[in-house]
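What follows is the content of start-v4.cif, which has mmCIF, C-alpha atoms:
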data_run
#
loop_
_atom_site.group_PDB
_atom_site.id
_atom_site.type_symbol
_atom_site.label_atom_id
_atom_site.label_comp_id
_atom_site.auth_asym_id
_atom_site.auth_seq_id
_atom_site.Cartn_x
_atom_site.Cartn_y
_atom_site.Cartn_z
ATOM 1 C CA MET A 1 105.373 116.600 138.092
ATOM 2 C CA THR A 2 107.769 113.751 138.762
ATOM 3 C CA GLN A 3 110.453 114.519 141.329
ATOM 4 C CA LEU A 4 113.927 114.947 139.845
ATOM 5 C CA SER A 5 116.573 112.584 141.170
ATOM 6 C CA ALA A 6 118.391 115.486 142.855
ATOM 7 C CA PRO A 7 116.668 118.615 144.096
ATOM 8 C CA ILE A 8 117.530 121.745 142.155
ATOM 9 C CA ALA A 9 118.749 123.529 145.278
ATOM 10 C CA GLY A 10 121.214 120.701 145.934
ATOM 11 C CA LEU A 11 122.911 120.794 142.565
ATOM 12 C CA SER A 12 125.758 122.925 143.870
ATOM 13 C CA GLN A 13 126.791 119.804 145.792
ATOM 14 C CA ILE A 14 127.043 117.657 142.654
ATOM 15 C CA ASN A 15 130.414 116.409 141.531
ATOM 16 C CA TRP A 16 130.404 117.909 138.031
ATOM 17 C CA SER A 17 131.736 115.432 135.510
ATOM 18 C CA SER A 18 133.042 118.002 133.049
ATOM 19 C CA ALA A 19 133.684 121.699 132.946
ATOM 20 C CA ALA A 20 134.099 123.689 129.770
ATOM 21 C CA SER A 21 135.236 127.241 129.435
ATOM 22 C CA CYS A 22 133.617 129.488 126.888
ATOM 23 C CA ALA A 23 134.373 133.045 125.831
ATOM 24 C CA LEU A 24 131.485 134.241 127.978
ATOM 25 C CA ASP A 25 131.653 132.485 131.341
ATOM 26 C CA THR A 26 132.123 129.015 132.813
ATOM 27 C CA ILE A 27 129.774 126.148 131.964
ATOM 28 C CA GLN A 28 129.620 122.933 134.006
ATOM 29 C CA GLN A 29 127.795 119.766 132.981
ATOM 30 C CA GLU A 30 126.616 116.581 134.631
ATOM 31 C CA MET A 31 124.970 113.562 133.032
ATOM 32 C CA GLU A 32 123.316 110.739 134.930
ATOM 33 C CA ARG A 33 122.199 107.447 133.366
ATOM 34 C CA LEU A 34 118.879 106.301 134.790
ATOM 35 C CA PRO A 35 116.998 103.022 134.119
ATOM 36 C CA GLY A 36 115.034 102.504 130.916
ATOM 37 C CA GLY A 37 117.208 104.634 128.654
ATOM 38 C CA THR A 38 116.445 107.751 130.681
ATOM 39 C CA ARG A 39 119.062 110.471 131.044
ATOM 40 C CA ARG A 40 119.270 113.369 133.452
ATOM 41 C CA LEU A 41 121.438 116.233 132.291
ATOM 42 C CA ALA A 42 122.283 119.334 134.270
ATOM 43 C CA VAL A 43 124.128 122.263 132.737
ATOM 44 C CA GLN A 44 125.086 125.319 134.739
ATOM 45 C CA LEU A 45 126.486 128.666 133.621
ATOM 46 C CA ARG A 46 128.112 131.254 135.883
ATOM 47 C CA THR A 47 127.849 134.870 134.781
ATOM 48 C CA ASP A 48 127.845 138.415 136.111
ATOM 49 C CA LEU A 49 124.509 139.295 134.479
ATOM 50 C CA ASP A 50 121.636 140.678 136.533
ATOM 51 C CA PRO A 51 119.111 137.821 137.014
ATOM 52 C CA GLN A 52 116.270 139.986 135.681
ATOM 53 C CA TRP A 53 117.781 139.841 132.176
ATOM 54 C CA LEU A 54 118.020 136.060 132.209
ATOM 55 C CA TRP A 55 114.426 135.782 133.453
ATOM 56 C CA ALA A 56 113.207 138.179 130.743
ATOM 57 C CA VAL A 57 114.890 136.090 128.043
ATOM 58 C CA LEU A 58 113.678 132.719 129.360
ATOM 59 C CA THR A 59 110.068 133.902 129.617
ATOM 60 C CA ASP A 60 109.986 135.497 126.154
ATOM 61 C CA TYR A 61 108.494 132.246 124.899
ATOM 62 C CA ASP A 62 107.504 133.327 121.387
ATOM 63 C CA GLN A 63 111.040 134.627 120.684
ATOM 64 C CA LEU A 64 113.137 131.716 121.991
ATOM 65 C CA SER A 65 113.485 130.132 118.549
ATOM 66 C CA ARG A 66 115.007 133.365 117.253
ATOM 67 C CA PHE A 67 118.235 132.894 119.208
ATOM 68 C CA ILE A 68 118.380 129.322 120.598
ATOM 69 C CA PRO A 69 120.216 127.029 118.170
ATOM 70 C CA ASN A 70 118.222 124.141 116.673
ATOM 71 C CA LEU A 71 114.937 125.420 118.137
ATOM 72 C CA GLN A 72 112.750 126.007 115.092
ATOM 73 C CA ILE A 73 109.438 126.759 116.801
ATOM 74 C CA SER A 74 108.588 128.153 120.217
ATOM 75 C CA ARG A 75 105.014 129.248 120.672
ATOM 76 C CA LEU A 76 102.989 130.232 123.713
ATOM 77 C CA LEU A 77 99.716 128.286 123.508
ATOM 78 C CA TRP A 78 97.951 129.568 126.626
ATOM 79 C CA ARG A 79 98.507 131.212 129.996
ATOM 80 C CA ARG A 80 96.654 130.584 133.282
ATOM 81 C CA GLY A 81 98.277 132.768 135.930
ATOM 82 C CA ASN A 82 101.840 131.527 136.399
ATOM 83 C CA VAL A 83 101.298 128.362 134.328
ATOM 84 C CA VAL A 84 101.782 128.415 130.569
ATOM 85 C CA GLY A 85 101.354 125.965 127.718
ATOM 86 C CA LEU A 86 104.248 126.034 125.309
ATOM 87 C CA GLU A 87 104.851 124.243 122.016
ATOM 88 C CA GLN A 88 108.406 123.761 120.829
ATOM 89 C CA GLU A 89 110.003 121.979 117.918
ATOM 90 C CA GLY A 90 113.688 121.338 117.533
ATOM 91 C CA ALA A 91 115.549 120.013 114.536
ATOM 92 C CA GLN A 92 119.095 119.018 113.797
ATOM 93 C CA THR A 93 121.137 116.870 111.506
ATOM 94 C CA PHE A 94 123.532 114.211 112.696
ATOM 95 C CA MET A 95 125.093 111.331 110.810
ATOM 96 C CA GLY A 96 123.475 112.722 107.657
ATOM 97 C CA LEU A 97 119.947 112.295 109.011
ATOM 98 C CA ARG A 98 117.532 115.090 109.871
ATOM 99 C CA PHE A 99 115.942 114.609 113.291
ATOM 100 C CA LYS A 100 112.943 116.623 114.509
ATOM 101 C CA ALA A 101 111.243 116.494 117.875
ATOM 102 C CA ARG A 102 108.135 118.317 119.010
ATOM 103 C CA VAL A 103 106.890 118.798 122.557
ATOM 104 C CA GLN A 104 104.037 120.553 124.284
ATOM 105 C CA LEU A 105 105.090 121.649 127.734
ATOM 106 C CA GLU A 106 103.237 122.774 130.805
ATOM 107 C CA LEU A 107 105.581 125.272 132.375
ATOM 108 C CA THR A 108 105.203 126.866 135.815
ATOM 109 C CA GLU A 109 106.814 130.237 136.514
ATOM 110 C CA HIS A 110 108.090 130.517 140.090
ATOM 111 C CA LEU A 111 109.111 134.194 139.951
ATOM 112 C CA GLU A 112 110.052 134.549 143.614
ATOM 113 C CA ASP A 113 112.385 131.527 143.316
ATOM 114 C CA ARG A 114 113.543 132.508 139.793
ATOM 115 C CA ARG A 115 112.641 129.004 138.598
ATOM 116 C CA LEU A 116 110.753 127.704 135.573
ATOM 117 C CA SER A 117 109.694 124.072 135.971
ATOM 118 C CA PHE A 118 108.280 122.139 133.039
ATOM 119 C CA VAL A 119 106.829 118.771 132.149
ATOM 120 C CA MET A 120 105.874 117.431 128.735
ATOM 121 C CA SER A 121 102.129 117.058 128.291
ATOM 122 C CA LYS A 122 102.423 115.727 124.736
ATOM 123 C CA GLY A 123 105.304 115.043 122.411
ATOM 124 C CA ASP A 124 107.895 112.845 120.786
ATOM 125 C CA PHE A 125 109.497 111.568 123.995
ATOM 126 C CA ARG A 126 108.298 109.195 126.691
ATOM 127 C CA ARG A 127 109.555 111.652 129.301
ATOM 128 C CA PHE A 128 110.763 115.258 129.038
ATOM 129 C CA GLU A 129 110.787 117.359 132.199
ATOM 130 C CA GLY A 130 113.000 119.623 134.208
ATOM 131 C CA ALA A 131 113.627 123.197 135.226
ATOM 132 C CA TRP A 132 115.500 126.407 134.549
ATOM 133 C CA GLN A 133 116.856 127.944 137.757
ATOM 134 C CA ILE A 134 118.493 131.350 138.170
ATOM 135 C CA GLY A 135 120.614 131.679 141.303
ATOM 136 C CA VAL A 136 122.367 134.626 142.901
ATOM 137 C CA GLY A 137 125.344 134.370 145.213
ATOM 138 C CA ALA A 138 128.681 135.906 146.107
ATOM 139 C CA GLY A 139 130.209 134.427 142.943
ATOM 140 C CA GLY A 140 127.655 136.093 140.674
ATOM 141 C CA THR A 141 124.609 134.729 138.907
ATOM 142 C CA THR A 142 124.090 131.104 137.896
ATOM 143 C CA LEU A 143 121.774 129.754 135.242
ATOM 144 C CA LEU A 144 120.980 126.065 135.611
ATOM 145 C CA TYR A 145 119.101 123.866 133.158
ATOM 146 C CA ASP A 146 118.146 120.464 134.540
ATOM 147 C CA LEU A 147 116.527 118.021 132.109
ATOM 148 C CA THR A 148 115.321 114.445 132.496
ATOM 149 C CA VAL A 149 114.596 112.867 129.121
ATOM 150 C CA GLN A 150 113.583 109.427 127.910
ATOM 151 C CA GLY A 151 113.397 108.801 124.186
ATOM 152 C CA CYS A 152 110.715 106.798 122.459
ATOM 153 C CA VAL A 153 111.341 103.219 121.388
ATOM 154 C CA GLY A 154 113.754 103.243 118.467
ATOM 155 C CA MET A 155 115.456 106.524 119.398
ATOM 156 C CA PRO A 156 119.204 105.905 119.663
ATOM 157 C CA ILE A 157 119.766 107.178 123.218
ATOM 158 C CA GLY A 158 123.559 107.294 122.802
ATOM 159 C CA LEU A 159 123.298 109.733 119.912
ATOM 160 C CA ILE A 160 120.619 111.754 121.662
ATOM 161 C CA GLU A 161 122.738 111.909 124.812
ATOM 162 C CA GLN A 162 125.779 113.258 122.949
ATOM 163 C CA ARG A 163 123.717 115.828 121.038
ATOM 164 C CA LEU A 164 121.989 116.970 124.231
ATOM 165 C CA ARG A 165 125.322 117.448 125.984
ATOM 166 C CA GLU A 166 126.516 119.720 123.185
ATOM 167 C CA ASP A 167 123.217 121.485 122.598
ATOM 168 C CA LEU A 168 122.391 122.274 126.219
ATOM 169 C CA ALA A 169 125.663 124.143 126.706
ATOM 170 C CA ALA A 170 125.046 126.020 123.440
ATOM 171 C CA ASN A 171 121.509 126.862 124.596
ATOM 172 C CA LEU A 172 122.755 128.367 127.874
ATOM 173 C CA ARG A 173 125.331 130.405 125.972
ATOM 174 C CA ALA A 174 122.598 131.615 123.604
ATOM 175 C CA VAL A 175 120.374 132.698 126.522
ATOM 176 C CA GLN A 176 123.334 134.490 128.076
ATOM 177 C CA GLN A 177 124.228 136.254 124.828
ATOM 178 C CA GLU A 178 120.636 137.393 124.293
ATOM 179 C CA ALA A 179 120.451 138.666 127.880
ATOM 180 C CA GLN A 180 123.720 140.561 127.362
ATOM 181 C CA ARG A 181 122.373 142.035 124.119
ATOM 182 C CA ARG A 182 119.180 143.211 125.822
ATOM 183 C CA ALA A 183 121.048 144.632 128.814
ATOM 184 C CA ALA A 184 123.355 146.615 126.503
ATOM 185 C CA ILE A 185 120.384 148.266 124.745
ATOM 186 C CA VAL A 186 119.038 149.814 127.941
#
This structure in structure tokens:
Amino acid sequence: MTQLSAPIAGLSQINWSSAASCALDTIQQEMERLPGGTRRLAVQLRTDLDPQWLWAVLTDYDQLSRFIPNLQISRLLWRRGNVVGLEQEGAQTFMGLRFKARVQLELTEHLEDRRLSFVMSKGDFRRFEGAWQIGVGAGGTTLLYDLTVQGCVGMPIGLIEQRLREDLAANLRAVQQEAQRRAAIV
């Protein structure tokens, strides 16, 4: 897997470019423009949830499309120990046009570090890789999604960038809400 431009563990040192408050907990975002139309986006959520609930939601691969907005398909293709093959398809409409993107990911579960790292093995992007990281500290639990993406030729990166900014925050909120729902059932 290609090394991210900033190590996951060091993201707490990043100067976050925007912070948004939601009814659940605080979300912070960073976006970095890289050469060749590549973007690195990091979105972090702070919550008081037990990390086990977030992990359970993130690794429920076949159910992700049930609660994550704009994710139409999420299917576990195979599992080899802590490495899984995952197929996902997202769809959304912007500027009156319907846009779909499909990826096959190789995802590695690092349970002891509470990290899921992924890289696209096949799909509609030139580059799509990153990680989910669950952290625990004095301030509670953090859920970080770090994504490096490069669209294919002809993809309007400006539009994709804006949609990703909005969608990634919504995705973290959706994971949090599902984890809260599951925790309340027990």
Query - Picked residues, the PyMOL selection byres ((chain A and resi 144) around 6), expected as an MDAnalysis selection string - result: chainID A and resid 43:44 132:133 143 145
Report task. Expand the PyMOL selection byres ((chain A and resi 55) around 10) into the individual residues it matches in the shown file, reporting them as a PyMOL selection string. Result -> chain A and resi 50-54+56-60+109+111+114-116+132-134+143+175+179
Requested in this report: Tell me, in Å to one decimal, how far CA of Glu112 (chain A) is from CA of Glu89 (chain A).
Outcome: 28.6 Å
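Shortest atom-to-atom contact with Leu49 (chain A) among A:Ala131, A:Val136, A:Met155, A:Val149: A:Val136, counting only C-alpha atoms.
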Query - Residues in the PyMOL selection byres ((chain A and resi 67) around 12), expressed as a list in words - result: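 Against this file, the PyMOL selection byres ((chain A and resi 67) around 12) returns the residues Val57, Leu58, Asp60, Tyr61, Asp62, Gln63, Leu64, Ser65, Arg66, Ile68, Pro69, Asn70, Leu71, Gln72, Ile73, Ser74, Ala170, Asn171, Leu172, Arg173, Ala174, Val175, Gln176, Gln177, Glu178, Ala179 and Arg181 of chain A.
The closest residue to Val153 (chain A), picked from A:Arg46, A:Arg98, A:Arg126, A:Arg182 and counting all atoms listed in the file, is A:Arg126.
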Report task. Find the residues near Gly154 (chain A): any atom within 12 Å, counting all atoms listed in the file, skip ones fewer than 3 places away on the same chain, and give them as a PyMOL selection string. Result -> chain A and resi 37+124-126+150-151+157-160
Report task. Find the residue from A:Ile185, A:Leu147, A:Val84, A:Leu164 that sits nearest to Ala42 (chain A); use all atoms listed in the file when measuring. Result ->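 Checking each of A:Ile185, A:Leu147, A:Val84, A:Leu164 against Ala42 (chain A), counting all atoms listed in the file, the winner is A:Leu147.
Shell of Met120 (chain A) at 7 Å, with only C-alpha atoms counted and residues fewer than 4 places along the chain excluded, is Val103, Gln104, Leu105, Glu106, Arg127, Phe128 and Glu129 of chain A.
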Report task. Step by step: start from the point (118.8, 114.2, 134.3) in the file's coordinates, keep every protein, DNA or RNA residue that has an atom no farther than 7 Å from it, count only C-alpha atoms, and write the set as a PyMOL selection string. Result -> chain A and resi 31-32+39-42+146-149
Please write a file for region 23-56 of chain A, taken from the block I just shared, that holds N, CA and C atoms and is laid out as an mmCIF file, in the first residue's frame.
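Saved as result_8.cif:
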data_model
loop_
_atom_site.group_PDB
_atom_site.id
_atom_site.type_symbol
_atom_site.label_atom_id
_atom_site.label_comp_id
_atom_site.auth_asym_id
_atom_site.auth_seq_id
_atom_site.Cartn_x
_atom_site.Cartn_y
_atom_site.Cartn_z
ATOM 1 N N ALA A 23 -25.377 17.342 15.727
ATOM 2 C CA ALA A 23 -26.188 17.042 16.896
ATOM 3 C C ALA A 23 -25.588 15.900 17.704
ATOM 4 N N LEU A 24 -24.692 15.143 17.121
ATOM 5 C CA LEU A 24 -24.136 13.988 17.809
ATOM 6 C C LEU A 24 -22.861 14.380 18.539
ATOM 7 N N ASP A 25 -21.820 14.658 17.843
ATOM 8 C CA ASP A 25 -20.547 15.066 18.424
ATOM 9 C C ASP A 25 -19.801 15.900 17.396
ATOM 10 N N THR A 26 -18.574 16.287 17.706
ATOM 11 C CA THR A 26 -17.820 17.199 16.858
ATOM 12 C C THR A 26 -17.134 16.463 15.714
ATOM 13 N N ILE A 27 -17.213 17.055 14.525
ATOM 14 C CA ILE A 27 -16.520 16.523 13.350
ATOM 15 C C ILE A 27 -15.520 17.580 12.882
ATOM 16 N N GLN A 28 -14.299 17.125 12.580
ATOM 17 C CA GLN A 28 -13.259 18.000 12.038
ATOM 18 C C GLN A 28 -12.848 17.446 10.676
ATOM 19 N N GLN A 29 -12.509 18.341 9.763
ATOM 20 C CA GLN A 29 -12.114 17.923 8.420
ATOM 21 C C GLN A 29 -10.837 18.625 7.994
ATOM 22 N N GLU A 30 -10.083 17.916 7.158
ATOM 23 C CA GLU A 30 -8.905 18.482 6.509
ATOM 24 C C GLU A 30 -8.908 18.007 5.070
ATOM 25 N N MET A 31 -8.505 18.863 4.145
ATOM 26 C CA MET A 31 -8.360 18.476 2.757
ATOM 27 C C MET A 31 -7.014 18.978 2.272
ATOM 28 N N GLU A 32 -6.296 18.105 1.582
ATOM 29 C CA GLU A 32 -4.980 18.449 1.060
ATOM 30 C C GLU A 32 -4.976 18.198 -0.443
ATOM 31 N N ARG A 33 -4.539 19.196 -1.208
ATOM 32 C CA ARG A 33 -4.426 19.040 -2.664
ATOM 33 C C ARG A 33 -3.040 18.499 -2.974
ATOM 34 N N LEU A 34 -3.010 17.364 -3.647
ATOM 35 C CA LEU A 34 -1.757 16.731 -4.045
ATOM 36 C C LEU A 34 -1.618 16.826 -5.564
ATOM 37 N N PRO A 35 -0.440 16.581 -6.118
ATOM 38 C CA PRO A 35 -0.246 16.669 -7.575
ATOM 39 C C PRO A 35 -1.129 15.688 -8.348
ATOM 40 N N GLY A 36 -1.408 16.031 -9.592
ATOM 41 C CA GLY A 36 -2.126 15.132 -10.489
ATOM 42 C C GLY A 36 -3.610 14.993 -10.192
ATOM 43 N N GLY A 37 -4.201 16.016 -9.594
ATOM 44 C CA GLY A 37 -5.633 15.943 -9.296
ATOM 45 C C GLY A 37 -5.960 14.993 -8.160
ATOM 46 N N THR A 38 -4.979 14.696 -7.335
ATOM 47 C CA THR A 38 -5.184 13.806 -6.192
ATOM 48 C C THR A 38 -5.570 14.637 -4.977
ATOM 49 N N ARG A 39 -6.474 14.108 -4.173
ATOM 50 C CA ARG A 39 -6.899 14.776 -2.951
ATOM 51 C C ARG A 39 -6.764 13.819 -1.778
ATOM 52 N N ARG A 40 -6.342 14.364 -0.663
ATOM 53 C CA ARG A 40 -6.303 13.602 0.586
ATOM 54 C C ARG A 40 -7.266 14.290 1.534
ATOM 55 N N LEU A 41 -8.242 13.544 1.997
ATOM 56 C CA LEU A 41 -9.232 14.075 2.919
ATOM 57 C C LEU A 41 -9.179 13.285 4.208
ATOM 58 N N ALA A 42 -9.223 13.990 5.311
ATOM 59 C CA ALA A 42 -9.271 13.350 6.623
ATOM 60 C C ALA A 42 -10.447 13.949 7.372
ATOM 61 N N VAL A 43 -11.277 13.081 7.916
ATOM 62 C CA VAL A 43 -12.451 13.500 8.673
ATOM 63 C C VAL A 43 -12.399 12.764 9.995
ATOM 64 N N GLN A 44 -12.560 13.509 11.081
ATOM 65 C CA GLN A 44 -12.481 12.895 12.401
ATOM 66 C C GLN A 44 -13.703 13.283 13.228
ATOM 67 N N LEU A 45 -14.223 12.301 13.937
ATOM 68 C CA LEU A 45 -15.383 12.464 14.810
ATOM 69 C C LEU A 45 -14.963 12.147 16.229
ATOM 70 N N ARG A 46 -15.381 12.957 17.177
ATOM 71 C CA ARG A 46 -15.166 12.676 18.601
ATOM 72 C C ARG A 46 -16.502 12.272 19.193
ATOM 73 N N THR A 47 -16.482 11.191 19.986
ATOM 74 C CA THR A 47 -17.710 10.662 20.558
ATOM 75 C C THR A 47 -17.410 10.015 21.906
ATOM 76 N N ASP A 48 -18.448 9.667 22.628
ATOM 77 C CA ASP A 48 -18.260 8.963 23.896
ATOM 78 C C ASP A 48 -18.597 7.474 23.779
ATOM 79 N N LEU A 49 -18.789 7.000 22.560
ATOM 80 C CA LEU A 49 -19.093 5.585 22.329
ATOM 81 C C LEU A 49 -17.918 4.675 22.666
ATOM 82 N N ASP A 50 -18.230 3.470 23.121
ATOM 83 C CA ASP A 50 -17.209 2.449 23.334
ATOM 84 C C ASP A 50 -16.661 2.050 21.960
ATOM 85 N N PRO A 51 -15.348 1.978 21.796
ATOM 86 C CA PRO A 51 -14.751 1.645 20.492
ATOM 87 C C PRO A 51 -15.234 0.322 19.909
ATOM 88 N N GLN A 52 -15.622 -0.624 20.749
ATOM 89 C CA GLN A 52 -16.077 -1.920 20.231
ATOM 90 C C GLN A 52 -17.299 -1.773 19.329
ATOM 91 N N TRP A 53 -18.177 -0.804 19.629
ATOM 92 C CA TRP A 53 -19.369 -0.610 18.804
ATOM 93 C C TRP A 53 -19.009 -0.035 17.448
ATOM 94 N N LEU A 54 -18.068 0.885 17.412
ATOM 95 C CA LEU A 54 -17.635 1.440 16.131
ATOM 96 C C LEU A 54 -16.970 0.361 15.277
ATOM 97 N N TRP A 55 -16.117 -0.454 15.902
ATOM 98 C CA TRP A 55 -15.445 -1.535 15.182
ATOM 99 C C TRP A 55 -16.468 -2.520 14.613
ATOM 100 N N ALA A 56 -17.459 -2.878 15.424
ATOM 101 C CA ALA A 56 -18.492 -3.827 14.981
ATOM 102 C C ALA A 56 -19.246 -3.290 13.763
#
